[in-house]
Amino acid sequence: MSEAASFHSMWAELAPIGRNADTGGYRRYAWTGADADCRTWFQEQAEARGLTYETDRNGNQWAWLGDPLAGDAVVTGSHLDSVPDGGAFDGPLGVVSSFAALDELRRRGVEFSRPLAITNFGDEEGARFGLACVGSRLAAGQLTREKAYELRDADGVSLPRAMEAAGYDPEAIGADPERLGRIGAFVELHVEQGRALDLSGDRVGIASAIWPHGRWRFDFRGEANHAGTTRLVDRRDPMLTYAATVLAARTEAALAGAVATFGKISVEPNGVNAIPSLVRGWLDSRAADQATLDTVVTAIEKAARERADQDGIDLGIVRESFTPVVEFEHALRDEMNRILGGSVPVLGTGAGHDAGILSAAVPTAMLFVRNPTGVSHSPREFAAEDDCVAGVLALADVLEGLACR
């Protein structure tokens with residue numbers, strides 16, 4: 001089977017899982033039915049290729065060619081979960097391309113000198129429990145078991161309870177240095193979440209770095225009251241403070257050349273005819289360097305507190321997650337560029353990935369596939385099949401260069 005046929009067949013099988021008929025977007029949240037179906041698909045792909053399948057202590061899936069215990073393994077893969085109404089490519093493109101690249105290498109008849117593994121990291125997007133890259137963070141020791149146990153979804157269901165309901169043992173979760181110690185290189189293929197490749201006319205690129213980024217929760221507490229009978233001057237309306245903070249975030253990000261987004265909000269009591277008592281908003285902010293990110297977030301917090309004092313609103317701010325800048329290992333990046341002919345564009349990204357989390361413990365690198373719309377985390381996310389196949393071939397070349405020496 002050609003690399004194009006292999007990719008197309010798997011893509012068609014995976015495409016219906018977790019897709020919402022009304023929006024066309026995907027709702028593949030961690031430890032739900034759609035997630036279970038994706039995991040079953042992964043296991044079936046592994047077993048159909050005669051690979052050794054296993055699930056690690058944190059629920060991450062692995063498919064091995066060669067001895068999993070031998071060490072110095074070359075690992076590729078990504079994730080299969082999604083943001084709410086996300087696109088089809090973010091995550092799944094990397095997993096499907098990994099299996100397709102292995103099919104291509106077998107078609108070439110290469111001989112492997114190092115073990116090869118394909119992985120699906122769990123709960124990368126953080127859509128259910130509010131923390132991104134849970135599976136890789138746990139494995140790398142960047143999320144403790146105690147902190148993981150505190151995670152709750154919008155319905156109050158805890159992470160361990162959700163894992164247990166899905167048939168996994170939450171008592172086992174935690175750092176996995178022995179497993180990571182057996183990995184010599186991790187290469188993650190991903191759809192580009194921007195238009196740099198489209199503007200340059202290239203189908204495939206190599207990542208240089210991931211911007212530092214984090215999530216902050218802003219709790220604006222006012223006073224619930226009647227929307228029709230309470231005079232404007234008598235109101236303590238946290239929605240106004242929240243709205244002013246959203247505008248301030250946009251202004252400060254634009255001044256600094258960064259990005260800042262309030263994309264999630266919860267309101268209490270959430271009634272059309274009621275002034276809110278609580279507005280809780282989540283800020284996502286990212287910048288090319290740490291100093292710029294600190295400047296932006298500090299300015300947003302200052303603007304929020306000043307407006308809260310003006311409006312008589314109590315404000316609490318909690319940093320829920322943070323990932324520092326990730327510079328991918330230069331030696332691995334340069335070796336990949338050499339393998340691919342030496343003329344592949346190298347670009348940074350503001351999006352976080354499992355590869356970024358693992359970079360502290362494992363040599364990591366990333367390949368990007370062109371996204372002509374530049375849209376991601378949306379049903380409009382797109383990559384042409386020819387570009388996807390180009391990504392498969394590039395990944396196959398990289399894996400051959402790294403694992404077949």
# chains A, B, ... in the order shown; residues from 1 in each chain; ligands from 1
>>> select_by_dssp(residues="stretch 223-341 of chain A", states="strand (DSSP E)", output="PyMOL selection string")
chain A and resi 225-226+259-268+274-275+278-286+314-323+326-327
>>> closest_atom_pairs(of="stretch 271-344 of chain A", to="stretch 185-202 of chain A", cutoff="12 Å", atoms="only C-alpha atoms", output="Markdown table")
| residue | atom | partner | partner_atom | distance |
| --- | --- | --- | --- | --- |
| A:Phe328 | CA | A:Val187 | CA | 10.4 |
| A:Glu329 | CA | A:Ala185 | CA | 9.9 |
| A:Ala331 | CA | A:Ala185 | CA | 11.0 |
| A:Leu332 | CA | A:Ala185 | CA | 8.0 |
| A:Arg333 | CA | A:Val187 | CA | 9.7 |
| A:Glu335 | CA | A:Ala185 | CA | 11.6 |
| A:Met336 | CA | A:Val187 | CA | 9.6 |
| A:Ser343 | CA | A:Asp202 | CA | 10.1 |
| A:Val344 | CA | A:Asp202 | CA | 8.0 |
>>> residues_around(residues="A:Ala100", least_positions_apart="3", cutoff="7 Å", atoms="only C-alpha atoms", output="count of residues only")
8
>>> closest_residue(among="A:Ser266, A:Gly33, A:Thr40, A:Leu65", to="A:Ser113", atoms="only C-alpha atoms")
A:Leu65
>>> residues_around(residues="stretch 90-94 of chain A", least_positions_apart="3", cutoff="9 Å", atoms="only C-alpha atoms", output="PyMOL selection string")
chain A and resi 11+14+76-82+86-87+97-99+120+124+188-193+376-377+381+388+392
>>> residues_around(residues="stretch 246-253 of chain A", least_positions_apart="2", cutoff="8 Å", atoms="only C-alpha atoms", output="PyMOL selection string")
chain A and resi 242-244+255-262+296+299-300+303-304
>>> select_by_dssp(residues="stretch 6-47 of chain A", states="helix (DSSP H, G or I)", output="ChimeraX atom specification")
/A:6-14,33-47
>>> write_last_selection(atoms="N, CA, C and O atoms", output="CSV table (one decimal), in the first residue's frame")
chain,number,residue,atom,x,y,z
A,6,SER,N,-2.3,4.5,2.4
A,6,SER,CA,-2.3,4.2,3.9
A,6,SER,C,-2.8,5.4,4.7
A,6,SER,O,-3.7,5.2,5.6
A,7,PHE,N,-2.4,6.6,4.4
A,7,PHE,CA,-2.9,7.7,5.1
A,7,PHE,C,-4.4,7.9,4.9
A,7,PHE,O,-5.1,8.1,5.9
A,8,HIS,N,-4.8,7.9,3.6
A,8,HIS,CA,-6.2,8.1,3.4
A,8,HIS,C,-7.1,7.1,4.1
A,8,HIS,O,-8.2,7.5,4.6
A,9,SER,N,-6.7,5.8,4.1
A,9,SER,CA,-7.5,4.8,4.7
A,9,SER,C,-7.7,5.1,6.2
A,9,SER,O,-8.8,5.0,6.8
A,10,MET,N,-6.6,5.3,6.9
A,10,MET,CA,-6.6,5.6,8.3
A,10,MET,C,-7.4,6.9,8.6
A,10,MET,O,-8.2,6.9,9.6
A,11,TRP,N,-7.2,7.9,7.8
A,11,TRP,CA,-7.9,9.2,8.1
A,11,TRP,C,-9.4,9.0,8.0
A,11,TRP,O,-10.1,9.6,8.8
A,12,ALA,N,-9.8,8.2,7.0
A,12,ALA,CA,-11.3,8.0,6.8
A,12,ALA,C,-11.8,7.2,8.0
A,12,ALA,O,-13.0,7.5,8.4
A,13,GLU,N,-11.1,6.3,8.6
A,13,GLU,CA,-11.6,5.5,9.7
A,13,GLU,C,-11.7,6.4,10.9
A,13,GLU,O,-12.6,6.3,11.7
A,14,LEU,N,-10.7,7.3,11.1
A,14,LEU,CA,-10.7,8.1,12.4
A,14,LEU,C,-11.7,9.3,12.3
A,14,LEU,O,-12.2,9.7,13.3
A,33,GLY,N,-16.4,8.7,26.0
A,33,GLY,CA,-16.6,7.6,25.0
A,33,GLY,C,-15.9,7.9,23.7
A,33,GLY,O,-15.3,6.9,23.1
A,34,ALA,N,-15.8,9.1,23.3
A,34,ALA,CA,-15.1,9.4,22.0
A,34,ALA,C,-13.6,9.2,22.2
A,34,ALA,O,-12.9,8.6,21.3
A,35,ASP,N,-13.1,9.5,23.4
A,35,ASP,CA,-11.7,9.2,23.7
A,35,ASP,C,-11.4,7.7,23.7
A,35,ASP,O,-10.4,7.2,23.1
A,36,ALA,N,-12.3,7.0,24.2
A,36,ALA,CA,-12.2,5.5,24.2
A,36,ALA,C,-12.2,4.9,22.8
A,36,ALA,O,-11.4,4.0,22.5
A,37,ASP,N,-13.0,5.5,22.0
A,37,ASP,CA,-13.1,5.0,20.6
A,37,ASP,C,-11.8,5.3,19.9
A,37,ASP,O,-11.3,4.5,19.0
A,38,CYS,N,-11.2,6.5,20.1
A,38,CYS,CA,-9.9,6.9,19.5
A,38,CYS,C,-8.8,5.9,20.0
A,38,CYS,O,-8.0,5.5,19.2
A,39,ARG,N,-8.9,5.6,21.3
A,39,ARG,CA,-7.9,4.7,21.9
A,39,ARG,C,-8.0,3.3,21.3
A,39,ARG,O,-7.0,2.6,21.0
A,40,THR,N,-9.2,2.8,21.0
A,40,THR,CA,-9.4,1.5,20.4
A,40,THR,C,-8.9,1.5,19.0
A,40,THR,O,-8.2,0.6,18.5
A,41,TRP,N,-9.1,2.6,18.3
A,41,TRP,CA,-8.6,2.8,16.9
A,41,TRP,C,-7.1,2.7,16.9
A,41,TRP,O,-6.5,2.0,16.1
A,42,PHE,N,-6.4,3.4,17.9
A,42,PHE,CA,-4.9,3.3,18.0
A,42,PHE,C,-4.5,1.9,18.2
A,42,PHE,O,-3.5,1.4,17.6
A,43,GLN,N,-5.1,1.2,19.1
A,43,GLN,CA,-4.7,-0.2,19.5
A,43,GLN,C,-4.9,-1.1,18.2
A,43,GLN,O,-4.0,-1.9,18.0
A,44,GLU,N,-6.0,-0.9,17.5
A,44,GLU,CA,-6.2,-1.7,16.3
A,44,GLU,C,-5.1,-1.5,15.3
A,44,GLU,O,-4.7,-2.4,14.6
A,45,GLN,N,-4.7,-0.2,15.1
A,45,GLN,CA,-3.7,0.1,14.1
A,45,GLN,C,-2.4,-0.5,14.5
A,45,GLN,O,-1.6,-1.1,13.7
A,46,ALA,N,-2.1,-0.5,15.8
A,46,ALA,CA,-0.8,-1.1,16.3
A,46,ALA,C,-0.8,-2.6,16.0
A,46,ALA,O,0.1,-3.2,15.5
A,47,GLU,N,-1.9,-3.3,16.4
A,47,GLU,CA,-2.0,-4.7,16.3
A,47,GLU,C,-2.1,-5.2,14.9
A,47,GLU,O,-1.5,-6.2,14.5
>>> closest_residue(among="A:Tyr53, A:Phe368, A:Phe382, A:Phe129", to="A:Ala394", atoms="only C-alpha atoms")
A:Phe368
>>> residues_around(residues="A:Ala70", least_positions_apart="4", cutoff="9 Å", atoms="only C-alpha atoms", output="ChimeraX atom specification")
/A:66,114-115,182
>>> write_last_selection(atoms="N, CA, C and O atoms", output="mmCIF file, in the first residue's frame")
data_model
loop_
_atom_site.group_PDB
_atom_site.id
_atom_site.type_symbol
_atom_site.label_atom_id
_atom_site.label_comp_id
_atom_site.auth_asym_id
_atom_site.auth_seq_id
_atom_site.Cartn_x
_atom_site.Cartn_y
_atom_site.Cartn_z
ATOM 1 N N GLY A 66 10.324 -3.495 17.635
ATOM 2 C CA GLY A 66 11.588 -3.751 18.305
ATOM 3 C C GLY A 66 11.382 -3.869 19.806
ATOM 4 O O GLY A 66 10.258 -3.782 20.314
ATOM 5 N N ARG A 114 17.503 0.751 15.631
ATOM 6 C CA ARG A 114 17.037 1.215 16.938
ATOM 7 C C ARG A 114 15.555 0.877 17.066
ATOM 8 O O ARG A 114 14.836 0.812 16.058
ATOM 9 N N PRO A 115 15.053 0.667 18.283
ATOM 10 C CA PRO A 115 13.616 0.467 18.456
ATOM 11 C C PRO A 115 12.847 1.702 17.993
ATOM 12 O O PRO A 115 13.343 2.835 18.106
ATOM 13 N N ARG A 182 14.449 5.484 28.206
ATOM 14 C CA ARG A 182 14.678 4.569 27.091
ATOM 15 C C ARG A 182 14.470 5.232 25.729
ATOM 16 O O ARG A 182 14.572 4.591 24.689
#
>>> decode(residues="stretch 255-279 of chain A", atoms="N, CA, C and O atoms", output="tab-separated table (two decimals), in the first residue's frame")
chain	number	residue	atom	x	y	z
A	255	LEU	N	0.52	45.99	22.14
A	255	LEU	CA	1.66	46.87	22.42
A	255	LEU	C	2.97	46.10	22.51
A	255	LEU	O	4.03	46.59	22.12
A	256	ALA	N	2.89	44.86	23.02
A	256	ALA	CA	4.09	44.07	23.28
A	256	ALA	C	4.45	43.11	22.15
A	256	ALA	O	5.50	42.46	22.20
A	257	GLY	N	3.58	42.98	21.17
A	257	GLY	CA	3.83	42.00	20.11
A	257	GLY	C	3.62	40.58	20.58
A	257	GLY	O	4.26	39.64	20.08
A	258	ALA	N	2.72	40.40	21.54
A	258	ALA	CA	2.40	39.09	22.10
A	258	ALA	C	0.96	38.75	21.75
A	258	ALA	O	0.33	39.42	20.93
A	259	VAL	N	0.42	37.70	22.38
A	259	VAL	CA	-1.00	37.38	22.24
A	259	VAL	C	-1.58	37.14	23.62
A	259	VAL	O	-0.91	36.64	24.52
A	260	ALA	N	-2.84	37.52	23.79
A	260	ALA	CA	-3.55	37.32	25.05
A	260	ALA	C	-5.02	37.13	24.72
A	260	ALA	O	-5.60	37.92	23.97
A	261	THR	N	-5.62	36.09	25.29
A	261	THR	CA	-6.98	35.72	24.91
A	261	THR	C	-7.78	35.29	26.12
A	261	THR	O	-7.35	34.42	26.88
A	262	PHE	N	-8.94	35.88	26.32
A	262	PHE	CA	-9.94	35.34	27.24
A	262	PHE	C	-10.91	34.53	26.39
A	262	PHE	O	-11.78	35.08	25.72
A	263	GLY	N	-10.77	33.20	26.43
A	263	GLY	CA	-11.58	32.35	25.56
A	263	GLY	C	-12.58	31.49	26.29
A	263	GLY	O	-13.36	30.77	25.66
A	264	LYS	N	-12.55	31.53	27.62
A	264	LYS	CA	-13.47	30.72	28.40
A	264	LYS	C	-14.01	31.56	29.56
A	264	LYS	O	-13.26	32.30	30.19
A	265	ILE	N	-15.30	31.40	29.84
A	265	ILE	CA	-15.94	32.20	30.87
A	265	ILE	C	-17.04	31.38	31.55
A	265	ILE	O	-17.69	30.55	30.90
A	266	SER	N	-17.21	31.58	32.85
A	266	SER	CA	-18.37	31.03	33.54
A	266	SER	C	-18.98	32.15	34.37
A	266	SER	O	-18.28	33.02	34.89
A	267	VAL	N	-20.30	32.12	34.46
A	267	VAL	CA	-21.04	33.20	35.12
A	267	VAL	C	-22.01	32.61	36.13
A	267	VAL	O	-22.68	31.61	35.86
A	268	GLU	N	-22.11	33.23	37.29
A	268	GLU	CA	-23.10	32.85	38.31
A	268	GLU	C	-23.89	34.09	38.71
A	268	GLU	O	-23.31	35.16	38.88
A	269	PRO	N	-25.21	33.99	38.81
A	269	PRO	CA	-26.04	32.79	38.64
A	269	PRO	C	-26.39	32.46	37.20
A	269	PRO	O	-27.11	31.53	36.92
A	270	ASN	N	-25.89	33.24	36.25
A	270	ASN	CA	-26.06	32.94	34.83
A	270	ASN	C	-27.51	33.06	34.38
A	270	ASN	O	-28.03	32.22	33.64
A	271	GLY	N	-28.17	34.10	34.83
A	271	GLY	CA	-29.55	34.36	34.45
A	271	GLY	C	-29.65	35.61	33.59
A	271	GLY	O	-28.92	36.59	33.80
A	272	VAL	N	-30.53	35.58	32.61
A	272	VAL	CA	-30.67	36.73	31.71
A	272	VAL	C	-31.10	37.98	32.47
A	272	VAL	O	-30.67	39.09	32.15
A	273	ASN	N	-31.94	37.80	33.49
A	273	ASN	CA	-32.47	38.96	34.22
A	273	ASN	C	-31.80	39.14	35.58
A	273	ASN	O	-32.39	39.69	36.50
A	274	ALA	N	-30.56	38.67	35.69
A	274	ALA	CA	-29.84	38.79	36.95
A	274	ALA	C	-28.46	39.38	36.74
A	274	ALA	O	-27.74	38.98	35.82
A	275	ILE	N	-28.11	40.35	37.58
A	275	ILE	CA	-26.74	40.85	37.61
A	275	ILE	C	-25.87	39.74	38.19
A	275	ILE	O	-26.21	39.15	39.21
A	276	PRO	N	-24.75	39.42	37.57
A	276	PRO	CA	-23.93	38.30	38.07
A	276	PRO	C	-23.33	38.59	39.45
A	276	PRO	O	-23.03	39.73	39.78
A	277	SER	N	-23.16	37.52	40.20
A	277	SER	CA	-22.41	37.61	41.45
A	277	SER	C	-20.95	37.23	41.22
A	277	SER	O	-20.06	37.68	41.95
A	278	LEU	N	-20.70	36.39	40.21
A	278	LEU	CA	-19.34	35.95	39.90
A	278	LEU	C	-19.17	35.79	38.40
A	278	LEU	O	-20.00	35.16	37.74
A	279	VAL	N	-18.12	36.37	37.90
A	279	VAL	CA	-17.69	36.11	36.53
A	279	VAL	C	-16.27	35.58	36.61
A	279	VAL	O	-15.37	36.22	37.16
